[in-house]
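Shown here: structure.cif, mmCIF, C-alpha atoms.
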data_start
#
loop_
_atom_site.label_atom_id
_atom_site.label_comp_id
_atom_site.auth_asym_id
_atom_site.auth_seq_id
_atom_site.Cartn_x
_atom_site.Cartn_y
_atom_site.Cartn_z
CA MET A 234 0.00 0.00 0.00
CA LYS A 235 1.16 3.49 -0.83
CA LYS A 236 2.30 5.78 1.95
CA LYS A 237 -0.27 8.43 2.83
CA ILE A 238 0.62 12.01 3.63
CA LYS A 239 -1.29 14.90 5.11
CA ILE A 240 -1.69 18.11 3.15
CA LYS A 241 -3.97 21.11 3.49
CA ILE A 242 -6.37 22.07 0.74
CA ASN A 243 -8.20 25.36 1.24
CA GLY A 244 -7.49 25.22 4.96
CA LYS A 245 -8.70 21.64 5.48
CA ILE A 246 -6.49 18.64 6.15
CA ASN A 247 -6.61 15.93 3.48
CA LYS A 248 -4.84 12.58 3.29
CA ILE A 249 -3.42 11.71 -0.09
CA ASP A 250 -0.92 9.24 -1.53
CA ASP A 251 2.68 10.33 -1.15
CA LYS A 252 4.10 11.94 -4.31
CA THR A 253 0.69 12.56 -5.83
CA LYS A 254 1.07 14.96 -8.71
CA LEU A 255 -0.71 18.28 -8.31
CA SER A 256 -2.34 17.71 -11.70
CA ASP A 257 -3.84 14.41 -10.46
CA LEU A 258 -5.11 15.99 -7.25
CA VAL A 259 -6.84 18.76 -9.17
CA LYS A 260 -8.33 16.19 -11.55
CA ASN A 261 -9.64 14.09 -8.65
CA LEU A 262 -11.21 17.14 -7.07
CA LYS A 263 -12.87 17.92 -10.43
CA VAL A 264 -11.66 21.50 -10.29
CA PRO A 265 -12.57 23.50 -13.44
CA LEU A 266 -8.99 24.53 -14.23
CA LYS A 267 -9.85 27.42 -16.53
CA LYS A 268 -11.87 29.11 -13.81
CA VAL A 269 -9.43 28.87 -10.90
CA ALA A 270 -6.01 29.90 -9.67
CA ILE A 271 -3.82 27.63 -7.57
CA GLU A 272 -1.32 28.47 -4.88
CA LEU A 273 1.17 26.01 -3.39
CA ASN A 274 2.75 27.12 -0.13
CA ARG A 275 1.87 30.77 -0.85
CA GLU A 276 3.32 30.70 -4.35
CA ILE A 277 1.17 30.84 -7.45
CA VAL A 278 1.49 27.73 -9.59
CA ASP A 279 1.59 28.06 -13.36
CA LYS A 280 -1.30 25.86 -14.46
CA LYS A 281 0.85 24.49 -17.29
CA ASN A 282 3.24 22.97 -14.76
CA LEU A 283 0.80 21.06 -12.55
CA ASN A 284 2.06 17.69 -13.73
CA LYS A 285 5.63 18.58 -12.78
CA ILE A 286 4.81 19.04 -9.11
CA ASN A 287 4.86 16.13 -6.67
CA LEU A 288 3.08 16.95 -3.43
CA LYS A 289 4.94 16.58 -0.15
CA VAL A 290 3.86 16.25 3.44
CA ASN A 291 2.40 19.45 4.94
CA ASP A 292 2.00 21.18 1.58
CA LYS A 293 -0.59 23.91 1.68
CA ILE A 294 -2.74 24.33 -1.40
CA GLU A 295 -5.20 27.10 -2.08
CA ILE A 296 -7.63 26.86 -4.98
CA VAL A 297 -9.60 30.04 -5.60
CA HIS A 298 -12.16 31.35 -8.06
CA PHE A 299 -14.44 34.32 -8.55
CA ILE A 300 -17.64 34.73 -6.60
CA GLY A 301 -20.09 37.60 -6.23
CA GLY A 302 -18.64 40.61 -4.47
CA GLY A 303 -18.84 44.38 -4.33
CA MET B 50 -22.30 63.66 -31.62
CA LYS B 51 -19.16 61.94 -30.38
CA LYS B 52 -19.86 58.79 -28.44
CA ASP B 53 -19.72 59.47 -24.74
CA ASN B 54 -17.87 56.40 -23.52
CA LEU B 55 -16.33 55.67 -20.16
CA ILE B 56 -12.62 55.16 -20.83
CA ILE B 57 -10.41 53.37 -18.32
CA SER B 58 -6.79 52.57 -19.24
CA LYS B 59 -7.65 53.11 -22.92
CA LYS B 60 -10.52 50.59 -22.74
CA LYS B 61 -13.91 51.94 -23.79
CA PHE B 62 -17.16 51.08 -22.07
CA ASN B 63 -20.67 52.10 -23.14
CA SER B 64 -22.13 52.20 -19.66
CA ARG B 65 -20.97 54.42 -16.81
CA LEU B 66 -22.60 52.17 -14.26
CA ILE B 67 -20.47 49.48 -12.63
CA ILE B 68 -22.27 46.78 -10.67
CA GLY B 69 -21.06 44.87 -7.64
CA THR B 70 -22.14 41.22 -7.72
CA GLY B 71 -22.41 40.57 -3.98
CA LYS B 72 -25.48 40.24 -1.73
CA TYR B 73 -27.93 39.02 -4.39
CA LYS B 74 -30.37 36.25 -3.48
CA SER B 75 -29.08 34.07 -6.29
CA MET B 76 -26.70 34.16 -9.22
CA ASN B 77 -29.70 34.22 -11.51
CA GLU B 78 -31.00 37.35 -9.86
CA CYS B 79 -27.57 38.95 -10.03
CA ALA B 80 -27.12 38.14 -13.72
CA LYS B 81 -30.58 39.50 -14.57
CA ALA B 82 -30.01 42.72 -12.61
CA ILE B 83 -26.71 43.26 -14.47
CA LYS B 84 -28.44 42.76 -17.79
CA ILE B 85 -31.18 45.24 -16.94
CA SER B 86 -28.67 47.79 -15.63
CA GLY B 87 -26.79 47.75 -18.92
CA ALA B 88 -23.48 47.61 -17.02
CA ASN B 89 -20.36 46.51 -18.92
CA ILE B 90 -18.21 46.07 -15.83
CA VAL B 91 -18.91 44.05 -12.67
CA THR B 92 -16.81 43.63 -9.56
CA VAL B 93 -16.10 40.10 -8.34
CA ALA B 94 -14.42 38.68 -5.26
CA VAL B 95 -11.70 36.02 -5.05
CA ARG B 96 -12.52 33.20 -2.66
CA ARG B 97 -11.72 29.54 -2.00
CA VAL B 98 -13.38 26.97 -4.26
CA ASN B 99 -15.78 24.71 -2.39
CA ILE B 100 -14.05 21.42 -3.06
CA THR B 101 -16.58 19.29 -1.19
CA ASP B 102 -19.71 20.59 -2.92
CA LYS B 103 -18.97 20.45 -6.62
CA LYS B 104 -22.54 21.19 -7.61
CA LYS B 105 -22.35 24.73 -6.28
CA PRO B 106 -23.01 27.12 -9.16
CA LEU B 107 -20.07 29.13 -10.48
CA LEU B 108 -20.29 32.85 -11.18
CA MET B 109 -18.70 32.40 -14.59
CA ASP B 110 -21.56 30.10 -15.61
CA TYR B 111 -24.00 32.96 -15.08
CA ILE B 112 -22.00 36.02 -16.08
CA ASP B 113 -19.88 35.50 -19.18
CA PRO B 114 -16.49 37.19 -18.71
CA LYS B 115 -16.22 37.48 -22.49
CA LYS B 116 -19.28 39.73 -22.58
CA ILE B 117 -19.00 41.54 -19.24
CA THR B 118 -15.67 42.84 -17.95
CA TYR B 119 -14.80 41.24 -14.63
CA LEU B 120 -13.18 43.63 -12.20
CA PRO B 121 -11.58 41.46 -9.50
CA ASN B 122 -11.56 43.19 -6.14
CA THR B 123 -9.79 42.73 -2.85
CA ALA B 124 -12.83 43.04 -0.62
CA GLY B 125 -12.12 41.64 2.81
CA CYS B 126 -8.40 42.46 2.70
CA PHE B 127 -7.07 44.47 5.63
CA ASN B 128 -3.45 44.93 4.58
CA SER B 129 -1.28 45.30 1.52
CA ASP B 130 0.05 41.72 1.55
CA GLU B 131 -3.45 40.22 1.48
CA ALA B 132 -4.53 42.56 -1.30
CA LEU B 133 -1.47 41.83 -3.45
CA ARG B 134 -1.89 38.08 -2.95
CA THR B 135 -5.56 38.28 -3.93
CA LEU B 136 -5.01 40.26 -7.11
CA ARG B 137 -2.05 38.17 -8.24
CA LEU B 138 -4.30 35.12 -7.91
CA ALA B 139 -7.08 36.93 -9.76
CA ARG B 140 -4.70 37.65 -12.63
CA GLU B 141 -3.74 33.98 -12.70
CA ILE B 142 -7.36 32.88 -13.16
CA GLY B 143 -7.54 34.46 -16.56
CA GLY B 144 -5.21 37.33 -17.22
CA TRP B 145 -7.11 40.08 -15.43
CA LYS B 146 -5.02 43.23 -15.22
CA LEU B 147 -7.79 45.74 -14.63
CA VAL B 148 -8.54 45.37 -10.93
CA LYS B 149 -10.22 47.09 -8.03
CA LEU B 150 -8.03 47.62 -5.00
CA GLU B 151 -9.82 47.87 -1.69
CA VAL B 152 -7.83 47.67 1.54
CA LEU B 153 -10.04 48.13 4.54
CA GLY B 154 -8.95 49.58 7.85
CA ASP B 155 -11.86 49.04 10.21
CA LYS B 156 -14.31 46.17 10.43
CA LYS B 157 -17.20 48.36 11.51
CA ASN B 158 -17.10 51.45 9.33
CA LEU B 159 -15.22 49.68 6.49
CA PHE B 160 -13.27 52.84 5.71
CA PRO B 161 -10.24 52.28 3.52
CA GLU B 162 -6.79 51.99 5.13
CA MET B 163 -5.18 54.59 2.92
CA ILE B 164 -1.50 54.05 3.78
CA GLU B 165 -1.76 50.36 2.84
CA THR B 166 -3.87 51.29 -0.17
CA LEU B 167 -1.26 53.74 -1.45
CA LYS B 168 1.55 51.21 -0.93
CA SER B 169 -0.40 48.50 -2.77
CA THR B 170 -1.32 50.81 -5.67
CA GLU B 171 2.33 51.57 -6.29
CA ILE B 172 3.44 47.91 -6.19
CA LEU B 173 0.58 46.66 -8.35
CA THR B 174 1.09 49.38 -10.94
CA LYS B 175 4.77 48.43 -11.21
CA GLU B 176 3.67 44.81 -11.75
CA GLY B 177 1.58 45.91 -14.73
CA PHE B 178 -1.84 46.01 -13.11
CA LYS B 179 -4.31 48.76 -13.99
CA VAL B 180 -5.49 49.67 -10.54
CA MET B 181 -8.85 51.24 -9.84
CA VAL B 182 -8.57 52.37 -6.26
CA TYR B 183 -11.28 52.48 -3.63
CA CYS B 184 -10.35 55.41 -1.42
CA ASN B 185 -11.47 58.08 0.98
CA ASP B 186 -12.94 61.29 -0.37
CA ASP B 187 -9.69 63.06 0.53
CA PRO B 188 -8.32 65.19 -2.34
CA LEU B 189 -4.73 65.00 -1.06
CA MET B 190 -4.77 61.21 -0.89
CA ALA B 191 -6.45 61.06 -4.31
CA LYS B 192 -3.56 63.10 -5.68
CA ARG B 193 -1.02 60.76 -4.16
CA LEU B 194 -2.78 57.74 -5.68
CA GLU B 195 -2.66 59.47 -9.04
CA ASN B 196 1.04 60.15 -8.61
CA VAL B 197 1.84 56.46 -8.06
CA GLY B 198 -0.06 55.43 -11.18
CA ALA B 199 -3.67 54.63 -10.26
CA ALA B 200 -5.87 53.90 -13.29
CA ALA B 201 -9.00 55.33 -11.66
CA ILE B 202 -9.86 57.12 -8.44
CA MET B 203 -12.86 55.63 -6.67
CA PRO B 204 -13.79 57.63 -3.60
CA LEU B 205 -16.58 56.48 -1.33
CA ALA B 206 -19.82 58.42 -1.15
CA ALA B 207 -20.37 57.03 2.36
CA PRO B 208 -19.48 53.79 4.19
CA ILE B 209 -19.90 50.60 2.13
CA GLY B 210 -23.49 49.38 2.16
CA SER B 211 -24.72 52.36 4.22
CA GLY B 212 -27.00 53.85 1.55
CA LEU B 213 -26.34 57.37 2.82
CA GLY B 214 -25.52 58.90 -0.56
CA ILE B 215 -22.73 61.41 -1.20
CA LEU B 216 -21.84 62.90 2.18
CA ASN B 217 -19.21 65.34 1.04
CA LYS B 218 -19.99 66.83 -2.35
CA VAL B 219 -17.36 69.53 -1.92
CA ASN B 220 -14.55 66.99 -1.62
CA ILE B 221 -15.78 65.10 -4.66
CA GLN B 222 -15.90 68.38 -6.59
CA ILE B 223 -12.33 69.23 -5.55
CA ILE B 224 -11.11 65.79 -6.61
CA ARG B 225 -12.95 66.19 -9.93
CA ASP B 226 -11.33 69.55 -10.58
CA GLN B 227 -7.82 68.30 -9.85
CA THR B 228 -7.74 65.07 -11.84
CA LYS B 229 -8.24 63.92 -15.40
CA LEU B 230 -8.25 60.28 -14.30
CA PRO B 231 -11.56 58.44 -14.37
CA LEU B 232 -13.39 59.39 -11.16
CA ILE B 233 -15.89 56.80 -10.03
CA ILE B 234 -18.04 57.01 -6.93
CA ASP B 235 -17.74 53.71 -5.14
CA ALA B 236 -19.79 52.67 -2.13
CA GLY B 237 -22.52 54.21 -0.04
CA LEU B 238 -25.17 55.10 -2.60
CA GLY B 239 -28.73 54.36 -1.52
CA GLN B 240 -31.06 55.34 -4.35
CA ALA B 241 -30.98 56.23 -8.01
CA SER B 242 -30.89 60.00 -7.48
CA ASP B 243 -27.58 59.60 -5.60
CA ALA B 244 -26.09 58.32 -8.86
CA SER B 245 -27.46 61.34 -10.74
CA ILE B 246 -25.83 63.66 -8.21
CA ALA B 247 -22.49 61.89 -8.65
CA MET B 248 -22.72 62.26 -12.41
CA GLU B 249 -23.77 65.90 -12.15
CA LEU B 250 -20.67 66.57 -10.08
CA GLY B 251 -18.73 65.45 -13.12
CA CYS B 252 -17.84 61.95 -12.02
CA ASP B 253 -17.12 59.49 -14.82
CA GLY B 254 -19.14 56.67 -13.33
CA VAL B 255 -20.62 55.05 -10.25
CA LEU B 256 -20.20 51.63 -8.69
CA VAL B 257 -23.31 50.23 -7.02
CA ASN B 258 -23.93 46.99 -5.21
CA THR B 259 -26.08 47.00 -2.08
CA ALA B 260 -28.51 49.70 -3.27
CA ILE B 261 -29.59 47.40 -6.10
CA ALA B 262 -29.04 43.95 -4.59
CA LYS B 263 -30.93 44.75 -1.38
CA ALA B 264 -33.69 46.91 -2.87
CA LYS B 265 -37.18 45.42 -2.48
CA LYS B 266 -37.31 45.17 -6.26
CA PRO B 267 -33.70 44.75 -7.48
CA PHE B 268 -34.58 44.65 -11.18
CA GLU B 269 -36.59 47.86 -11.02
CA MET B 270 -33.80 49.50 -9.04
CA ALA B 271 -31.21 48.32 -11.58
CA LYS B 272 -33.23 50.07 -14.26
CA ALA B 273 -33.61 53.18 -12.11
CA PHE B 274 -29.84 53.39 -11.60
CA LYS B 275 -29.25 52.90 -15.31
CA ASN B 276 -31.55 55.82 -16.11
CA ALA B 277 -30.21 57.96 -13.27
CA VAL B 278 -26.63 57.61 -14.49
CA ILE B 279 -27.64 58.54 -18.03
CA ALA B 280 -29.76 61.47 -16.82
CA GLY B 281 -27.04 62.76 -14.49
CA ARG B 282 -24.42 62.55 -17.22
CA GLN B 283 -26.64 64.39 -19.72
CA SER B 284 -27.39 67.04 -17.12
CA PHE B 285 -23.66 67.49 -16.42
CA LEU B 286 -22.83 67.80 -20.12
CA SER B 287 -25.68 70.27 -20.68
CA GLY B 288 -24.20 72.96 -18.45
CA ARG B 289 -26.49 73.83 -15.58
CA ILE B 290 -27.75 77.38 -14.87
CA GLU B 291 -26.14 79.51 -12.22
CA LYS B 292 -27.66 79.41 -8.76
CA LYS B 293 -29.35 82.69 -7.73
CA VAL B 294 -30.92 83.80 -4.51
CA MET B 295 -33.79 85.78 -6.07
CA GLY B 296 -36.49 84.62 -8.47
CA SER B 297 -36.36 85.05 -12.21
CA ALA B 298 -39.75 84.86 -13.93
CA SER B 299 -40.11 82.34 -16.73
CA SER B 300 -42.86 84.22 -18.60
CA PRO B 301 -42.22 87.54 -20.39
CA LYS B 302 -43.58 90.69 -18.74
CA LYS B 303 -44.51 92.29 -22.06
CA GLY B 304 -48.19 92.00 -22.93
CA ILE B 305 -49.42 91.36 -19.41
CA ILE B 306 -53.14 92.22 -19.31
#
For this file, write the structure as structure tokens.
Amino acid sequence: MKKKIKIKINGKINKIDDKTKLSDLVKNLKVPLKKVAIELNREIVDKKNLNKINLKVNDKIEIVHFIGGG
Amino acid sequence: MKKDNLIISKKKFNSRLIIGTGKYKSMNECAKAIKISGANIVTVAVRRVNITDKKKPLLMDYIDPKKITYLPNTAGCFNSDEALRTLRLAREIGGWKLVKLEVLGDKKNLFPEMIETLKSTEILTKEGFKVMVYCNDDPLMAKRLENVGAAAIMPLAAPIGSGLGILNKVNIQIIRDQTKLPLIIDAGLGQASDASIAMELGCDGVLVNTAIAKAKKPFEMAKAFKNAVIAGRQSFLSGRIEKKVMGSASSPKKGII
């Protein structure tokens, strides 16, 4: 069995397989890529490079989009 | 007649009314109000995606960013770092460079924290953003924002969501007289006539959210604001009469029986 690691997605702890690619995580979460921006440990990730990033323990991911606001 | 467009950073817009997309009962209601208002620009907020409830409707499914210009804002940010982070993320979503900067200083009155606002305007402008800046109705601060490269000056009429209308017309007039930048009244309007007053003062546009979203009849109010902005602009361009203390009869005296 693959080793599991804890990461934070949008402030909530999630357990995922060690070395999961960011592109796979986003796919599993069914995130509409064209409508979001992604931050990994406070740095913006170029959406073209998601498959080059292997997630590590304690990584903090933020996935944001636009909502109604004044 | 030359077309009277609102021009911000060389971009032309037909409507001088900008709509905030918060506080509506539903996205449907919001989208319909925008349509009725005729607005070309809407403000939007940047927030976390709900990753557990994927069925939640997305703003972009209701308001097409190809047809309506999204103006990402930094609502809810209380310092420069938060605001910069938010707008950099907004740009990443789809290349948005025209943004609304709003750095708040107090959770109750929601007045802008102008030192942080000024700092952020300068940094964002250097990064290539076109920054429309929510600010106090202080002419000196407005000048400083202009000096660091703001794309538009957006002074409040009154506290956000208060509906009090323009509290300090003199300050708005002074800011109008000192700047050629687009001047847009942002926040605090309560009814359509407030928008007319802003336009008659020579403002280039108004930004309205709560006054429409929380009106008993939002669609009717959206229409009222649309008309009020047009009327106020026409009135401004028509050159009003001088104010006099005494009366001046409208009918000729000659031929009185």
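As for CA of Asp53 in chain B and CA of Pro114 in chain B, they are spaced 23.3 Å apart.
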Apply the PyMOL selection byres ((chain A) within 9 of (chain B)) to the structure shown and report the selected residues as a ChimeraX atom specification.
/A:242-243,262-264,266-272,275,277-280,295-303
What's around Ile246 in chain A at 12 Å? Count only C-alpha atoms, leave out sequence neighbours fewer than 3 positions away in its own chain, and write the answer as a JSON list (two decimals) with C-alpha atoms, in the frame of the given file.
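result.json was written with the following content:
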[["chain", "number", "residue", "atom", "x", "y", "z"],
["A", 238, "ILE", "CA", 0.62, 12.01, 3.63],
["A", 239, "LYS", "CA", -1.29, 14.90, 5.11],
["A", 240, "ILE", "CA", -1.69, 18.11, 3.15],
["A", 241, "LYS", "CA", -3.97, 21.11, 3.49],
["A", 242, "ILE", "CA", -6.37, 22.07, 0.74],
["A", 243, "ASN", "CA", -8.20, 25.36, 1.24],
["A", 249, "ILE", "CA", -3.42, 11.71, -0.09],
["A", 290, "VAL", "CA", 3.86, 16.25, 3.44],
["A", 291, "ASN", "CA", 2.40, 19.45, 4.94],
["A", 292, "ASP", "CA", 2.00, 21.18, 1.58],
["A", 293, "LYS", "CA", -0.59, 23.91, 1.68],
["A", 294, "ILE", "CA", -2.74, 24.33, -1.40],
["A", 295, "GLU", "CA", -5.20, 27.10, -2.08]]
Residues matched by the PyMOL selection byres ((chain B and resi 267) around 12), written as a PyMOL selection string:
chain B and resi 72-75+77-86+240-241+257-266+268-274
Selection to disk with C-alpha atoms, as a PDB file, in the coordinates of the input:
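Contents of the output file result12.pdb:
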ATOM      1  CA  LYS B  72     -25.480  40.240  -1.730  1.00  0.00           C
ATOM      2  CA  TYR B  73     -27.930  39.020  -4.390  1.00  0.00           C
ATOM      3  CA  LYS B  74     -30.370  36.250  -3.480  1.00  0.00           C
ATOM      4  CA  SER B  75     -29.080  34.070  -6.290  1.00  0.00           C
ATOM      5  CA  ASN B  77     -29.700  34.220 -11.510  1.00  0.00           C
ATOM      6  CA  GLU B  78     -31.000  37.350  -9.860  1.00  0.00           C
ATOM      7  CA  CYS B  79     -27.570  38.950 -10.030  1.00  0.00           C
ATOM      8  CA  ALA B  80     -27.120  38.140 -13.720  1.00  0.00           C
ATOM      9  CA  LYS B  81     -30.580  39.500 -14.570  1.00  0.00           C
ATOM     10  CA  ALA B  82     -30.010  42.720 -12.610  1.00  0.00           C
ATOM     11  CA  ILE B  83     -26.710  43.260 -14.470  1.00  0.00           C
ATOM     12  CA  LYS B  84     -28.440  42.760 -17.790  1.00  0.00           C
ATOM     13  CA  ILE B  85     -31.180  45.240 -16.940  1.00  0.00           C
ATOM     14  CA  SER B  86     -28.670  47.790 -15.630  1.00  0.00           C
ATOM     15  CA  GLN B 240     -31.060  55.340  -4.350  1.00  0.00           C
ATOM     16  CA  ALA B 241     -30.980  56.230  -8.010  1.00  0.00           C
ATOM     17  CA  VAL B 257     -23.310  50.230  -7.020  1.00  0.00           C
ATOM     18  CA  ASN B 258     -23.930  46.990  -5.210  1.00  0.00           C
ATOM     19  CA  THR B 259     -26.080  47.000  -2.080  1.00  0.00           C
ATOM     20  CA  ALA B 260     -28.510  49.700  -3.270  1.00  0.00           C
ATOM     21  CA  ILE B 261     -29.590  47.400  -6.100  1.00  0.00           C
ATOM     22  CA  ALA B 262     -29.040  43.950  -4.590  1.00  0.00           C
ATOM     23  CA  LYS B 263     -30.930  44.750  -1.380  1.00  0.00           C
ATOM     24  CA  ALA B 264     -33.690  46.910  -2.870  1.00  0.00           C
ATOM     25  CA  LYS B 265     -37.180  45.420  -2.480  1.00  0.00           C
ATOM     26  CA  LYS B 266     -37.310  45.170  -6.260  1.00  0.00           C
ATOM     27  CA  PHE B 268     -34.580  44.650 -11.180  1.00  0.00           C
ATOM     28  CA  GLU B 269     -36.590  47.860 -11.020  1.00  0.00           C
ATOM     29  CA  MET B 270     -33.800  49.500  -9.040  1.00  0.00           C
ATOM     30  CA  ALA B 271     -31.210  48.320 -11.580  1.00  0.00           C
ATOM     31  CA  LYS B 272     -33.230  50.070 -14.260  1.00  0.00           C
ATOM     32  CA  ALA B 273     -33.610  53.180 -12.110  1.00  0.00           C
ATOM     33  CA  PHE B 274     -29.840  53.390 -11.600  1.00  0.00           C
TER      34      PHE B 274
END
Where does the PyMOL selection byres ((chain A and resi 253) around 6) land in this file, that is, which residues does it pick, as a PDB file with C-alpha atoms, in the coordinates of the input?
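Contents of the output file result34.pdb:
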ATOM      1  CA  ASP A 250      -0.920   9.240  -1.530  1.00  0.00           C
ATOM      2  CA  ASP A 251       2.680  10.330  -1.150  1.00  0.00           C
ATOM      3  CA  LYS A 252       4.100  11.940  -4.310  1.00  0.00           C
ATOM      4  CA  LYS A 254       1.070  14.960  -8.710  1.00  0.00           C
ATOM      5  CA  ASN A 287       4.860  16.130  -6.670  1.00  0.00           C
ATOM      6  CA  LEU A 288       3.080  16.950  -3.430  1.00  0.00           C
TER       7      LEU A 288
END
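Neighbouring residues of Lys52 in chain B at 12 Å or closer, counting all atoms listed in the file and skipping chain neighbours under 4 positions away, are B:Ile56, B:Lys61, B:Phe62, B:Asn63, B:Ser64.
Near Arg282 in chain B, within a cut-off of 6 Å and counting only C-alpha atoms, sit the residues Met248, Ile279 and Phe285 of chain B, with same-chain residues fewer than 3 positions away left out.
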Could you list, as number ranges by chain, every residue within 8 Å of range 166-177 of chain B, counting only C-alpha atoms and ignoring same-chain residues fewer than 4 positions away?
B: 128-129, 132-133, 146, 150-152, 161-162, 182, 184, 193-194, 197-199
Pairwise distance, CA of Asn274 in chain A with CA of Lys248 in chain A, equals 16.8 Å
Computed interatomic separation between CA of Thr228 in chain B and CA of Ala207 in chain B (Å):
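Separation between CA of Thr228 in chain B and CA of Ala207 in chain B: 20.6 Å.
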